[in-house]
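Shown next: my_file12.txt, containing compact mmCIF, C-alpha atoms.
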# COMPACT_ATOMS: atom_id res chain seq x y z
CA MET A 73 102.15 20.16 125.30
CA LYS A 74 104.23 22.59 123.30
CA LYS A 75 103.46 26.20 124.20
CA GLY A 76 105.57 28.28 121.85
CA LYS A 77 107.01 27.82 118.40
CA ARG A 78 110.22 26.03 117.53
CA VAL A 79 112.45 27.38 114.81
CA LEU A 80 115.34 25.77 112.93
CA VAL A 81 117.97 28.00 111.30
CA VAL A 82 120.10 26.29 108.64
CA GLY A 83 123.73 27.43 108.37
CA SER A 84 126.86 28.10 110.38
CA GLY A 85 127.95 31.70 109.84
CA GLY A 86 127.48 35.13 111.32
CA ARG A 87 124.30 35.63 109.30
CA GLU A 88 122.80 32.50 110.86
CA HIS A 89 123.81 33.59 114.37
CA ALA A 90 122.10 36.94 113.69
CA LEU A 91 118.95 35.19 112.43
CA ALA A 92 118.88 32.89 115.47
CA TRP A 93 119.38 35.91 117.74
CA ALA A 94 116.52 37.82 116.08
CA LEU A 95 114.14 34.87 116.17
CA ALA A 96 114.99 34.09 119.81
CA ARG A 97 113.67 37.55 120.64
CA ALA A 98 110.31 36.93 118.90
CA ALA A 99 107.30 36.78 121.20
CA GLU A 100 106.01 33.33 120.14
CA VAL A 101 109.34 31.52 119.82
CA GLU A 102 110.01 28.89 122.48
CA ARG A 103 113.29 27.43 121.19
CA VAL A 104 115.77 27.93 118.36
CA TYR A 105 117.99 25.28 116.79
CA VAL A 106 120.89 26.09 114.45
CA ALA A 107 122.26 23.43 112.08
CA PRO A 108 125.17 23.07 112.29
CA GLY A 109 125.68 26.42 114.03
CA ASN A 110 129.00 27.52 115.51
CA GLY A 111 130.69 28.28 118.80
CA GLY A 112 128.22 31.06 119.59
CA THR A 113 124.84 29.59 118.64
CA THR A 114 124.08 27.81 121.90
CA TRP A 115 122.72 29.79 124.86
CA PRO A 116 120.34 29.25 127.79
CA PRO A 117 116.83 30.68 128.18
CA SER A 118 116.59 34.19 129.58
CA PRO A 119 112.88 35.11 129.98
CA GLU A 120 113.70 38.50 131.50
CA ALA A 121 116.46 39.33 129.04
CA PRO A 122 117.24 43.04 128.69
CA ASP A 123 117.08 44.91 125.40
CA LEU A 124 119.19 43.38 122.60
CA GLN A 125 119.49 40.03 124.38
CA PRO A 126 117.70 36.84 123.20
CA ARG A 127 114.90 35.51 125.37
CA ALA A 128 114.41 31.96 124.06
CA PRO A 129 117.23 29.39 124.27
CA ALA A 130 119.24 28.22 121.26
CA ARG A 131 121.21 25.07 120.55
CA SER A 132 123.55 23.99 117.78
CA VAL A 133 122.81 20.63 116.16
CA PRO A 134 125.49 18.80 114.13
CA ILE A 135 123.69 18.54 110.77
CA ARG A 136 125.28 19.85 107.58
CA PRO A 137 123.26 22.41 105.59
CA ASP A 138 123.34 20.15 102.52
CA ASP A 139 122.14 17.04 104.41
CA ILE A 140 118.55 17.81 103.51
CA GLN A 141 116.96 14.50 104.48
CA THR A 142 118.52 14.57 107.95
CA LEU A 143 117.30 18.15 108.39
CA ILE A 144 113.79 17.04 107.42
CA ASP A 145 113.96 14.17 109.88
CA PHE A 146 115.13 16.52 112.64
CA ALA A 147 112.36 19.02 111.86
CA ARG A 148 109.78 16.26 112.19
CA GLU A 149 111.26 14.78 115.36
CA GLN A 150 111.47 18.16 117.11
CA ALA A 151 108.10 19.43 115.81
CA ILE A 152 109.77 22.43 114.17
CA ASP A 153 107.23 25.07 113.20
CA LEU A 154 109.47 27.00 110.82
CA THR A 155 112.84 26.38 109.16
CA VAL A 156 114.82 29.41 107.97
CA VAL A 157 117.55 28.92 105.36
CA GLY A 158 120.61 31.13 105.74
CA PRO A 159 123.18 30.23 103.03
CA GLU A 160 122.73 29.87 99.28
CA THR A 161 124.06 26.34 98.79
CA PRO A 162 121.09 24.48 100.34
CA LEU A 163 118.76 26.68 98.29
CA ALA A 164 120.64 25.59 95.17
CA HIS A 165 120.20 21.97 96.26
CA GLY A 166 116.43 22.36 96.57
CA ILE A 167 116.01 22.35 100.33
CA VAL A 168 112.83 24.43 100.12
CA ASP A 169 111.26 22.09 97.55
CA ALA A 170 112.12 19.05 99.69
CA PHE A 171 110.70 20.56 102.90
CA GLN A 172 107.54 21.64 101.11
CA ALA A 173 107.10 18.15 99.66
CA ALA A 174 107.43 16.80 103.21
CA GLY A 175 104.70 19.16 104.41
CA LEU A 176 107.08 21.32 106.48
CA ARG A 177 107.12 25.12 106.64
CA ILE A 178 110.34 26.71 105.41
CA PHE A 179 111.39 30.27 104.61
CA GLY A 180 113.30 30.73 101.38
CA PRO A 181 112.84 30.46 97.60
CA THR A 182 112.45 27.23 95.70
CA ARG A 183 115.37 25.88 93.67
CA ALA A 184 113.92 27.35 90.48
CA ALA A 185 113.36 30.81 91.99
CA ALA A 186 116.82 30.74 93.62
CA ARG A 187 118.37 30.63 90.12
CA ILE A 188 118.33 34.42 90.38
CA GLU A 189 121.46 33.86 92.49
CA THR A 190 122.73 30.40 91.58
CA SER A 191 123.12 31.26 87.87
CA LYS A 192 124.41 34.71 87.02
CA ALA A 193 123.82 33.92 83.35
CA PHE A 194 120.15 33.22 84.11
CA ALA A 195 119.83 36.40 86.19
CA LYS A 196 121.40 38.57 83.48
CA ALA A 197 119.08 37.16 80.80
CA LEU A 198 116.06 37.69 83.05
CA MET A 199 117.04 41.30 83.73
CA ARG A 200 117.61 41.99 80.05
CA ALA A 201 114.20 40.50 79.20
CA CYS A 202 112.31 42.63 81.71
CA GLY A 203 114.24 45.87 81.23
CA VAL A 204 116.05 45.97 84.58
CA PRO A 205 119.24 48.10 84.36
CA THR A 206 122.36 45.94 84.53
CA PRO A 207 125.84 46.27 82.98
CA ASP A 208 126.24 45.06 79.39
CA TYR A 209 127.56 41.51 79.32
CA ALA A 210 128.41 38.38 77.40
CA VAL A 211 128.19 34.75 78.53
CA PHE A 212 130.75 32.07 77.69
CA HIS A 213 131.04 28.32 78.17
CA ARG A 214 134.46 27.88 76.51
CA PHE A 215 137.76 29.44 77.56
CA GLU A 216 138.98 30.17 74.03
CA GLU A 217 135.83 32.08 73.06
CA ALA A 218 135.92 34.11 76.26
CA ARG A 219 139.59 34.97 75.77
CA ALA A 220 138.94 36.04 72.18
CA TYR A 221 136.13 38.31 73.39
CA LEU A 222 138.44 39.93 75.94
CA ARG A 223 141.08 40.63 73.31
CA ALA A 224 138.46 42.13 70.99
CA HIS A 225 137.08 44.32 73.80
CA PRO A 226 140.10 45.75 75.67
CA GLY A 227 139.59 47.82 78.80
CA PRO A 228 138.24 47.45 82.32
CA VAL A 229 135.77 44.59 82.77
CA VAL A 230 134.41 42.33 85.51
CA VAL A 231 134.85 38.57 85.08
CA LYS A 232 132.42 36.44 87.07
CA ALA A 233 131.81 32.78 87.70
CA SER A 234 128.17 32.17 86.83
CA GLY A 235 127.69 29.66 89.64
CA LEU A 236 128.07 29.92 93.40
CA ALA A 237 131.55 30.87 94.61
CA GLY A 238 131.00 31.96 98.20
CA GLY A 239 130.91 35.65 97.31
CA LYS A 240 134.44 35.45 95.87
CA GLY A 241 133.74 34.68 92.21
CA ALA A 242 133.88 38.22 90.78
CA PHE A 243 137.16 39.67 89.51
CA VAL A 244 137.29 43.43 88.90
CA CYS A 245 139.94 43.87 86.20
CA ASP A 246 141.65 47.05 85.05
CA THR A 247 143.44 45.48 82.09
CA THR A 248 142.95 42.73 79.52
CA GLU A 249 145.87 40.86 81.09
CA GLU A 250 144.17 40.85 84.49
CA ALA A 251 140.91 39.70 82.90
CA GLU A 252 142.64 36.84 81.07
CA GLU A 253 144.28 35.75 84.30
CA ALA A 254 140.89 35.73 86.05
CA LEU A 255 139.42 33.77 83.17
CA HIS A 256 142.24 31.23 83.36
CA ARG A 257 141.76 30.77 87.09
CA LEU A 258 138.02 30.23 86.70
CA MET A 259 137.85 28.06 83.58
CA ARG A 260 141.23 26.32 83.41
CA GLU A 261 142.40 26.10 87.03
CA ARG A 262 138.75 25.74 88.15
CA ILE A 263 139.40 27.40 91.50
CA PHE A 264 135.64 27.37 92.17
CA GLY A 265 134.94 24.04 90.47
CA GLU A 266 131.87 23.83 88.27
CA ALA A 267 130.82 27.36 89.28
CA GLY A 268 133.31 28.55 86.66
CA ASP A 269 132.07 26.30 83.84
CA THR A 270 130.06 29.28 82.64
CA VAL A 271 131.54 32.77 82.87
CA VAL A 272 129.94 36.19 82.59
CA ILE A 273 132.07 39.07 81.32
CA GLU A 274 130.47 42.45 81.91
CA GLU A 275 131.32 46.10 81.55
CA ARG A 276 132.81 47.75 84.59
CA LEU A 277 130.68 50.50 86.12
CA TYR A 278 131.74 53.25 88.51
CA GLY A 279 129.74 54.69 91.36
CA SER A 280 128.60 53.80 94.88
CA GLU A 281 127.88 50.18 95.75
CA LEU A 282 124.71 49.48 97.69
CA SER A 283 122.94 46.43 99.09
CA MET A 284 119.14 46.53 98.94
CA LEU A 285 117.36 43.62 100.60
CA ALA A 286 113.62 43.10 100.63
CA LEU A 287 111.15 40.60 102.03
CA SER A 288 108.97 39.01 99.35
CA ASP A 289 105.80 36.94 99.47
CA GLY A 290 105.88 36.23 95.73
CA ARG A 291 103.58 39.13 94.83
CA MET A 292 105.14 42.18 96.47
CA VAL A 293 108.20 43.28 98.43
CA LYS A 294 108.84 45.20 101.62
CA PRO A 295 112.33 46.74 101.52
CA LEU A 296 114.65 46.44 104.49
CA LEU A 297 117.07 49.22 105.41
CA PRO A 298 119.65 49.96 102.70
CA ALA A 299 123.10 48.71 103.65
CA ARG A 300 126.65 48.96 102.34
CA ASP A 301 128.93 45.93 102.30
CA HIS A 302 132.73 46.10 102.05
CA LYS A 303 134.02 43.20 99.94
CA ARG A 304 137.70 44.09 99.64
CA LEU A 305 140.07 42.78 102.29
CA MET A 306 141.89 46.01 103.13
CA ASP A 307 141.09 49.62 103.96
CA GLY A 308 140.24 51.88 101.06
CA ASP A 309 138.69 48.99 99.11
CA ARG A 310 142.06 47.47 98.29
CA GLY A 311 143.14 43.85 98.09
CA PRO A 312 141.27 40.70 97.04
CA ASN A 313 137.53 40.18 97.18
CA THR A 314 136.20 38.41 100.26
CA GLY A 315 132.84 37.22 101.50
CA GLY A 316 132.50 40.64 103.17
CA MET A 317 134.67 42.47 105.72
CA GLY A 318 131.96 44.63 107.23
CA ALA A 319 128.75 46.53 106.59
CA TYR A 320 126.62 49.34 107.88
CA ALA A 321 122.97 50.34 107.80
CA PRO A 322 121.22 52.52 106.94
CA VAL A 323 123.15 54.32 104.19
CA PRO A 324 122.82 58.06 104.91
CA GLU A 325 122.59 59.21 101.30
CA VAL A 326 119.92 56.67 100.34
CA GLY A 327 116.56 58.20 101.16
CA PRO A 328 112.98 56.92 100.72
CA ASP A 329 112.78 58.10 97.11
CA ALA A 330 115.90 56.14 96.16
CA VAL A 331 114.58 53.02 97.90
CA GLU A 332 111.24 53.31 96.10
CA ARG A 333 113.07 53.70 92.78
CA VAL A 334 114.86 50.41 93.38
CA VAL A 335 111.60 48.69 94.31
CA GLN A 336 109.74 49.91 91.21
CA GLN A 337 112.52 49.76 88.60
CA ILE A 338 114.35 46.64 89.77
CA MET A 339 112.68 44.43 92.34
CA MET A 340 109.08 44.39 91.13
CA PRO A 341 109.90 43.72 87.45
CA VAL A 342 112.08 40.75 88.49
CA LEU A 343 109.49 39.49 90.95
CA ASP A 344 106.76 39.73 88.30
CA ALA A 345 108.95 37.96 85.73
CA LEU A 346 109.66 35.06 88.10
CA ALA A 347 105.95 34.76 88.90
CA ARG A 348 105.07 34.68 85.18
CA GLN A 349 107.54 31.83 84.73
CA GLY A 350 105.68 29.84 87.36
CA THR A 351 108.49 30.21 89.92
CA PRO A 352 107.28 32.87 92.39
CA PHE A 353 109.99 34.14 94.70
CA VAL A 354 109.23 33.87 98.43
CA GLY A 355 112.03 34.87 100.77
CA VAL A 356 114.63 37.63 100.83
CA LEU A 357 115.46 39.19 97.47
CA TYR A 358 118.83 40.95 97.63
CA ALA A 359 119.96 43.33 94.90
CA GLY A 360 123.65 44.21 94.84
CA LEU A 361 123.68 47.61 93.13
CA MET A 362 126.08 50.08 91.63
CA TRP A 363 124.56 53.57 91.80
CA THR A 364 126.01 55.50 88.88
CA ALA A 365 125.40 58.98 87.48
CA SER A 366 122.60 57.34 85.46
CA GLY A 367 120.99 55.68 88.45
CA PRO A 368 121.05 52.16 89.93
CA PHE A 369 122.35 49.13 88.02
CA VAL A 370 122.15 45.56 89.30
CA LEU A 371 125.54 43.88 89.69
CA GLU A 372 124.04 40.68 91.09
CA PHE A 373 121.02 39.22 92.82
CA ASN A 374 121.12 37.02 95.89
CA ALA A 375 118.28 34.85 97.11
CA ARG A 376 118.79 35.19 100.88
CA PHE A 377 119.99 37.53 103.63
CA GLY A 378 123.46 38.93 103.01
CA ASP A 379 126.43 38.22 105.22
CA PRO A 380 127.52 40.58 106.82
CA GLU A 381 124.52 42.79 105.86
CA ALA A 382 122.20 40.73 108.08
CA GLN A 383 124.40 41.48 111.09
CA ALA A 384 123.98 45.22 110.44
CA ILE A 385 120.29 45.24 109.47
CA LEU A 386 118.65 42.81 111.91
CA PRO A 387 119.83 44.59 115.10
CA LEU A 388 117.88 47.66 113.92
CA LEU A 389 114.65 45.74 113.22
CA GLU A 390 112.00 46.34 115.87
CA THR A 391 109.28 44.34 114.12
CA ASP A 392 108.92 40.79 115.46
CA GLY A 393 111.22 38.65 113.27
CA LEU A 394 108.97 35.58 113.24
CA GLU A 395 105.97 37.72 112.33
CA ALA A 396 107.85 39.18 109.37
CA LEU A 397 108.90 35.80 107.95
CA GLU A 398 105.46 34.26 108.44
CA ALA A 399 103.85 37.20 106.61
CA CYS A 400 105.92 36.25 103.55
CA LEU A 401 104.92 32.58 103.72
CA GLU A 402 101.25 33.38 104.21
CA GLY A 403 101.02 35.92 101.38
CA ARG A 404 100.09 38.81 103.66
CA LEU A 405 103.17 40.99 103.36
CA GLU A 406 101.07 44.01 102.47
CA ASP A 407 99.66 43.96 106.00
CA LEU A 408 103.09 43.92 107.65
CA SER A 409 104.55 47.13 109.05
CA LEU A 410 108.33 47.17 109.36
CA ARG A 411 109.50 49.24 112.31
CA TRP A 412 113.13 50.26 112.86
CA ARG A 413 115.26 51.51 115.71
CA PRO A 414 116.55 55.03 115.26
CA GLY A 415 120.26 55.45 114.62
CA ALA A 416 122.67 53.20 112.75
CA CYS A 417 124.47 49.88 113.04
CA VAL A 418 128.07 49.17 112.01
CA THR A 419 129.42 45.63 111.66
CA VAL A 420 133.16 44.88 111.60
CA VAL A 421 134.32 41.40 110.55
CA LEU A 422 137.34 39.90 112.30
CA ALA A 423 139.19 37.48 110.01
CA SER A 424 141.83 34.80 110.43
CA PRO A 425 145.37 35.34 109.14
CA GLY A 426 145.58 34.34 105.47
CA TYR A 427 141.93 35.01 104.66
CA PRO A 428 140.51 34.87 101.95
CA GLY A 429 143.02 32.08 101.26
CA PRO A 430 143.81 29.06 103.46
CA VAL A 431 143.69 29.85 107.18
CA PRO A 432 144.87 28.15 110.37
CA GLU A 433 142.26 26.86 112.80
CA GLY A 434 142.19 26.33 116.53
CA LEU A 435 143.55 29.76 117.53
CA PRO A 436 142.30 30.72 121.03
CA ILE A 437 139.94 33.71 121.16
CA SER A 438 139.76 36.03 124.17
CA GLY A 439 137.92 39.17 125.21
CA LEU A 440 134.46 38.34 123.89
CA GLU A 441 132.56 38.81 127.13
CA ASP A 442 134.19 42.18 127.69
CA ALA A 443 133.37 43.28 124.14
CA ALA A 444 129.76 42.10 124.27
CA ALA A 445 129.22 43.92 127.59
CA GLN A 446 129.73 47.31 125.93
CA GLU A 447 126.68 49.49 125.28
CA GLY A 448 124.89 48.69 122.04
CA VAL A 449 127.30 45.90 121.06
CA LEU A 450 126.47 42.44 119.72
CA VAL A 451 129.09 39.86 118.79
CA PHE A 452 127.95 37.37 116.16
CA HIS A 453 130.03 34.23 115.70
CA ALA A 454 130.96 32.81 112.30
CA GLY A 455 134.13 30.69 112.09
CA THR A 456 134.29 29.61 115.74
CA ARG A 457 133.98 26.39 117.72
CA ARG A 458 134.28 25.24 121.31
CA GLU A 459 137.17 23.09 122.52
CA GLY A 460 136.07 22.40 126.05
CA ALA A 461 135.72 25.77 127.75
CA GLN A 462 137.92 27.50 125.18
CA LEU A 463 136.51 29.27 122.12
CA VAL A 464 138.80 28.91 119.08
CA THR A 465 138.86 29.95 115.44
CA ALA A 466 137.36 27.59 112.85
CA GLY A 467 137.23 29.50 109.59
CA GLY A 468 138.19 32.57 107.59
CA ARG A 469 135.66 35.06 108.88
CA VAL A 470 135.68 34.46 112.62
CA LEU A 471 133.44 37.08 114.26
CA ALA A 472 131.20 39.98 113.30
CA VAL A 473 131.15 42.79 115.85
CA SER A 474 127.98 44.88 115.46
CA ALA A 475 127.23 48.09 117.34
CA ILE A 476 124.17 50.32 117.38
CA GLY A 477 124.72 54.05 117.83
CA PRO A 478 122.79 57.29 117.51
CA ASP A 479 124.33 57.81 114.06
CA LEU A 480 126.91 56.24 111.76
CA PRO A 481 130.01 57.77 113.43
CA GLY A 482 128.69 56.85 116.88
CA ALA A 483 127.97 53.26 115.85
CA ALA A 484 131.42 52.93 114.26
CA ALA A 485 133.11 54.26 117.40
CA ARG A 486 131.29 51.68 119.54
CA ALA A 487 132.06 48.84 117.15
CA TYR A 488 135.78 49.59 117.03
CA ALA A 489 136.00 50.10 120.79
CA ALA A 490 134.57 46.57 121.16
CA VAL A 491 136.90 45.16 118.50
CA GLU A 492 139.91 46.41 120.49
CA ARG A 493 138.86 44.14 123.39
CA ILE A 494 138.96 40.95 121.29
CA HIS A 495 142.11 39.03 120.44
CA PHE A 496 143.29 35.98 118.55
CA GLU A 497 146.63 35.45 116.84
CA GLY A 498 146.91 37.17 113.45
CA MET A 499 143.46 38.78 113.72
CA SER A 500 142.79 41.12 110.79
CA PHE A 501 140.02 43.61 110.13
CA ARG A 502 139.29 46.77 108.21
CA ARG A 503 139.46 50.01 110.12
CA ASP A 504 137.28 52.09 107.79
CA ILE A 505 133.86 50.41 108.02
CA GLY A 506 131.30 53.17 108.42
CA ARG A 507 134.07 55.75 108.52
CA VAL A 508 134.35 56.60 104.82
CA PRO A 509 132.95 59.94 103.59
CA VAL A 510 129.30 59.93 102.55
CA ARG A 511 129.02 59.65 98.77
CA SER A 512 126.16 61.38 97.03
CA LEU A 513 123.96 59.35 94.68

Could the structure of this file be written out as structure tokens, please?
Amino acid sequence: MKKGKRVLVVGSGGREHALAWALARAAEVERVYVAPGNGGTTWPPSPEAPDLQPRAPARSVPIRPDDIQTLIDFAREQAIDLTVVGPETPLAHGIVDAFQAAGLRIFGPTRAAARIETSKAFAKALMRACGVPTPDYAVFHRFEEARAYLRAHPGPVVVKASGLAGGKGAFVCDTTEEAEEALHRLMRERIFGEAGDTVVIEERLYGSELSMLALSDGRMVKPLLPARDHKRLMDGDRGPNTGGMGAYAPVPEVGPDAVERVVQQIMMPVLDALARQGTPFVGVLYAGLMWTASGPFVLEFNARFGDPEAQAILPLLETDGLEALEACLEGRLEDLSLRWRPGACVTVVLASPGYPGPVPEGLPISGLEDAAAQEGVLVFHAGTRREGAQLVTAGGRVLAVSAIGPDLPGAAARAYAAVERIHFEGMSFRRDIGRVPVRSL
């Protein structure tokens, strides 16, 4: 007879490793599966595990995140009590709807509710309709019309693919020439396929970027710690956009009043609007914000945990992870108390040479055990796999090194001390995560 609960995490990145790690520490969890997982998402049981170490065992299973029927079959065969969706693509494919139709519990929004992320055009229209502050914009389905708009509105803009582009579909452009080039790449070269069939062109805002994530049960939200993601490849926010080169939480200048402002002015109006449309949002609602002199503006919404924000936020969560997700599914979020560790967490992403473009695979990785043995350090795998006893690279973002410290400088010092112990050929990373001056809001 099964004693504890079995959990299935869908996805293969650092976010999914962090989710599996958090759930393996939950009191009622007996076993965690990760589909397909990576080189770090299999570990043995450790009932007497010390602080920060998972207690329940985990195992990777070779099922693609978009192979929904096979995931359903696996969940039935293994008597999975809860499936947790990490990435956005399965949400776009309706994994939550399919699991619900099969009578299986799953954490994440339905396909219709996930449109808040999967269609930027939809999200912008929704925000405009319910008065949520967002940059002025225009939506285009034809290249010629979009190019004509750019020439009639010269100056800095942001050109975005409306569909999913792995966090790389936004082009921040200083000039009309740069914007036209971005437009050409999206709509003519189709570098992100059908994601660029519809393009959003919006005004460029200036201020401090901020990631605000919140749990939602469809009626209310409970905000998680504010975090700051670093999208640009190189120090000083230079170079091309990536899926995220690092993050930290909390953000020192974002106090309780600022968080409450985001909840009341941004998250609740959107949540209420989705509920009125008959598509209540249950899951993690993520607002990517630009905090300007006039206050917060929404740059984008995501419908799931951020990556690498999850690797910086979850290590600070003291509340039982399973309890938190089940409160959302059962409509009792108002009764949940979120408790946090004191201090801060800094996450540094280690990337393969060539990222965010094509990267080599199979590069041997060393030093992980030494890094993970350091005080307050967790190493979350992303683009890794096992070749026998050897761990090798298997993607662009390879590892996320997270460290908890008494404050932001202390956490950053621990994270970078651990990074220095890890090696693979051509390894690149930013050296300024959590080390930039605090910016006032």

Of the residues A:Ala121, A:Val244, A:Ala484, A:Ile167, which is the one nearest to A:Gly311, using all atoms listed in the file?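 Looking at the shortest contact to A:Gly311, the residue is A:Val244.
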
Given all atoms listed in the file as the counted atoms, nearest of A:Pro108, A:Ser132, A:Asp504, A:Arg103 to A:Met306: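 Answer, going by the shortest atom-to-atom distance: A:Asp504.
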
Which polymer residues, whether protein, DNA or RNA, lie within 10 Å of the coordinate (134.7, 31.4, 95.0) when you count only C-alpha atoms? List them as a list in words, using the chain letters and numbers from the file.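 Returned residue set, sorted by chain then number, is Lys232, Ala233, Gly235, Leu236, Ala237, Gly238, Gly239, Lys240, Gly241, Ala242, Leu258, Arg262, Ile263, Phe264, Gly265, Ala267, Gly268, Asn313, Thr314, Gly315 and Pro428 of chain A.
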
Here is a test: counting all atoms listed in the file, which residue of A:Gly227, A:Val508, A:Ala382, A:Gly367 is nearest to A:Gly308? A:Val508

Tell me which of A:Ala461, A:Cys417, A:Ala423, A:Leu405 sits closest to A:Val449, counting only C-alpha atoms. A:Cys417

How would you write as a PDB file with C-alpha atoms, in the coordinates of the input the residues that get within 10 Å of (134.2, 48.8, 118.5) in the file's frame, counting all atoms listed in the file?
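Once everything was written out, this is part.pdb:
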ATOM      1  CA  VAL A 418     128.070  49.170 112.010  1.00  0.00           C
ATOM      2  CA  THR A 419     129.420  45.630 111.660  1.00  0.00           C
ATOM      3  CA  VAL A 420     133.160  44.880 111.600  1.00  0.00           C
ATOM      4  CA  ALA A 443     133.370  43.280 124.140  1.00  0.00           C
ATOM      5  CA  ALA A 444     129.760  42.100 124.270  1.00  0.00           C
ATOM      6  CA  GLN A 446     129.730  47.310 125.930  1.00  0.00           C
ATOM      7  CA  GLY A 448     124.890  48.690 122.040  1.00  0.00           C
ATOM      8  CA  VAL A 449     127.300  45.900 121.060  1.00  0.00           C
ATOM      9  CA  VAL A 473     131.150  42.790 115.850  1.00  0.00           C
ATOM     10  CA  SER A 474     127.980  44.880 115.460  1.00  0.00           C
ATOM     11  CA  ALA A 475     127.230  48.090 117.340  1.00  0.00           C
ATOM     12  CA  GLY A 482     128.690  56.850 116.880  1.00  0.00           C
ATOM     13  CA  ALA A 483     127.970  53.260 115.850  1.00  0.00           C
ATOM     14  CA  ALA A 484     131.420  52.930 114.260  1.00  0.00           C
ATOM     15  CA  ALA A 485     133.110  54.260 117.400  1.00  0.00           C
ATOM     16  CA  ARG A 486     131.290  51.680 119.540  1.00  0.00           C
ATOM     17  CA  ALA A 487     132.060  48.840 117.150  1.00  0.00           C
ATOM     18  CA  TYR A 488     135.780  49.590 117.030  1.00  0.00           C
ATOM     19  CA  ALA A 489     136.000  50.100 120.790  1.00  0.00           C
ATOM     20  CA  ALA A 490     134.570  46.570 121.160  1.00  0.00           C
ATOM     21  CA  VAL A 491     136.900  45.160 118.500  1.00  0.00           C
ATOM     22  CA  GLU A 492     139.910  46.410 120.490  1.00  0.00           C
ATOM     23  CA  ARG A 493     138.860  44.140 123.390  1.00  0.00           C
ATOM     24  CA  ILE A 494     138.960  40.950 121.290  1.00  0.00           C
ATOM     25  CA  ARG A 503     139.460  50.010 110.120  1.00  0.00           C
TER      26      ARG A 503
END

Using all atoms listed in the file, determine which residues lie at most 10 Å from A:Glu398, disregarding the query and same-chain residues fewer than 2 positions distant; provide the list as a PDB file with C-alpha atoms, in the frame of the given file.
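After the write, selection-v8.pdb holds the following:
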ATOM      1  CA  LEU A 154     109.470  27.000 110.820  1.00  0.00           C
ATOM      2  CA  ARG A 177     107.120  25.120 106.640  1.00  0.00           C
ATOM      3  CA  ILE A 178     110.340  26.710 105.410  1.00  0.00           C
ATOM      4  CA  PHE A 179     111.390  30.270 104.610  1.00  0.00           C
ATOM      5  CA  ASP A 289     105.800  36.940  99.470  1.00  0.00           C
ATOM      6  CA  GLY A 393     111.220  38.650 113.270  1.00  0.00           C
ATOM      7  CA  LEU A 394     108.970  35.580 113.240  1.00  0.00           C
ATOM      8  CA  GLU A 395     105.970  37.720 112.330  1.00  0.00           C
ATOM      9  CA  ALA A 396     107.850  39.180 109.370  1.00  0.00           C
ATOM     10  CA  CYS A 400     105.920  36.250 103.550  1.00  0.00           C
ATOM     11  CA  LEU A 401     104.920  32.580 103.720  1.00  0.00           C
ATOM     12  CA  GLU A 402     101.250  33.380 104.210  1.00  0.00           C
ATOM     13  CA  GLY A 403     101.020  35.920 101.380  1.00  0.00           C
ATOM     14  CA  ARG A 404     100.090  38.810 103.660  1.00  0.00           C
ATOM     15  CA  LEU A 405     103.170  40.990 103.360  1.00  0.00           C
ATOM     16  CA  LEU A 408     103.090  43.920 107.650  1.00  0.00           C
TER      17      LEU A 408
END

Considering all atoms listed in the file, return as JSON, numbers by chain whatever protein or nucleic-acid residues lie within 12 Å of A:Val431, sequence-local ones (same chain, fewer than 2 positions apart) excluded. {"A": [423, 424, 425, 426, 427, 428, 429, 433, 434, 435, 455, 465, 466, 467, 468, 469, 470, 497, 498, 499, 500]}

Let me see the file: selected residues, C-alpha atoms, as a PDB file, in the frame of the given file.
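And here is the file that came out, part.pdb:
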ATOM      1  CA  ALA A 423     139.190  37.480 110.010  1.00  0.00           C
ATOM      2  CA  SER A 424     141.830  34.800 110.430  1.00  0.00           C
ATOM      3  CA  PRO A 425     145.370  35.340 109.140  1.00  0.00           C
ATOM      4  CA  GLY A 426     145.580  34.340 105.470  1.00  0.00           C
ATOM      5  CA  TYR A 427     141.930  35.010 104.660  1.00  0.00           C
ATOM      6  CA  PRO A 428     140.510  34.870 101.950  1.00  0.00           C
ATOM      7  CA  GLY A 429     143.020  32.080 101.260  1.00  0.00           C
ATOM      8  CA  GLU A 433     142.260  26.860 112.800  1.00  0.00           C
ATOM      9  CA  GLY A 434     142.190  26.330 116.530  1.00  0.00           C
ATOM     10  CA  LEU A 435     143.550  29.760 117.530  1.00  0.00           C
ATOM     11  CA  GLY A 455     134.130  30.690 112.090  1.00  0.00           C
ATOM     12  CA  THR A 465     138.860  29.950 115.440  1.00  0.00           C
ATOM     13  CA  ALA A 466     137.360  27.590 112.850  1.00  0.00           C
ATOM     14  CA  GLY A 467     137.230  29.500 109.590  1.00  0.00           C
ATOM     15  CA  GLY A 468     138.190  32.570 107.590  1.00  0.00           C
ATOM     16  CA  ARG A 469     135.660  35.060 108.880  1.00  0.00           C
ATOM     17  CA  VAL A 470     135.680  34.460 112.620  1.00  0.00           C
ATOM     18  CA  GLU A 497     146.630  35.450 116.840  1.00  0.00           C
ATOM     19  CA  GLY A 498     146.910  37.170 113.450  1.00  0.00           C
ATOM     20  CA  MET A 499     143.460  38.780 113.720  1.00  0.00           C
ATOM     21  CA  SER A 500     142.790  41.120 110.790  1.00  0.00           C
TER      22      SER A 500
END

If I take atom CA of A:Pro312 and atom CA of A:Glu217, how far is one from the other in Å, to one decimal? 26.1 Å

Using the file's own x, y and z axes, so that the box edges lie along x, y and z, what centre and edge lengths in Å (one decimal) does a box around every listed atom of stretch 424-429 of chain A get when 3 Å is added on each side? Give it as AutoDock Vina command-line options.
--center_x 143.0 --center_y 33.7 --center_z 105.8 --size_x 11.1 --size_y 9.3 --size_z 15.2

re atom CA of A:Val101 and atom CA of A:Arg127: distance 8.8 Å
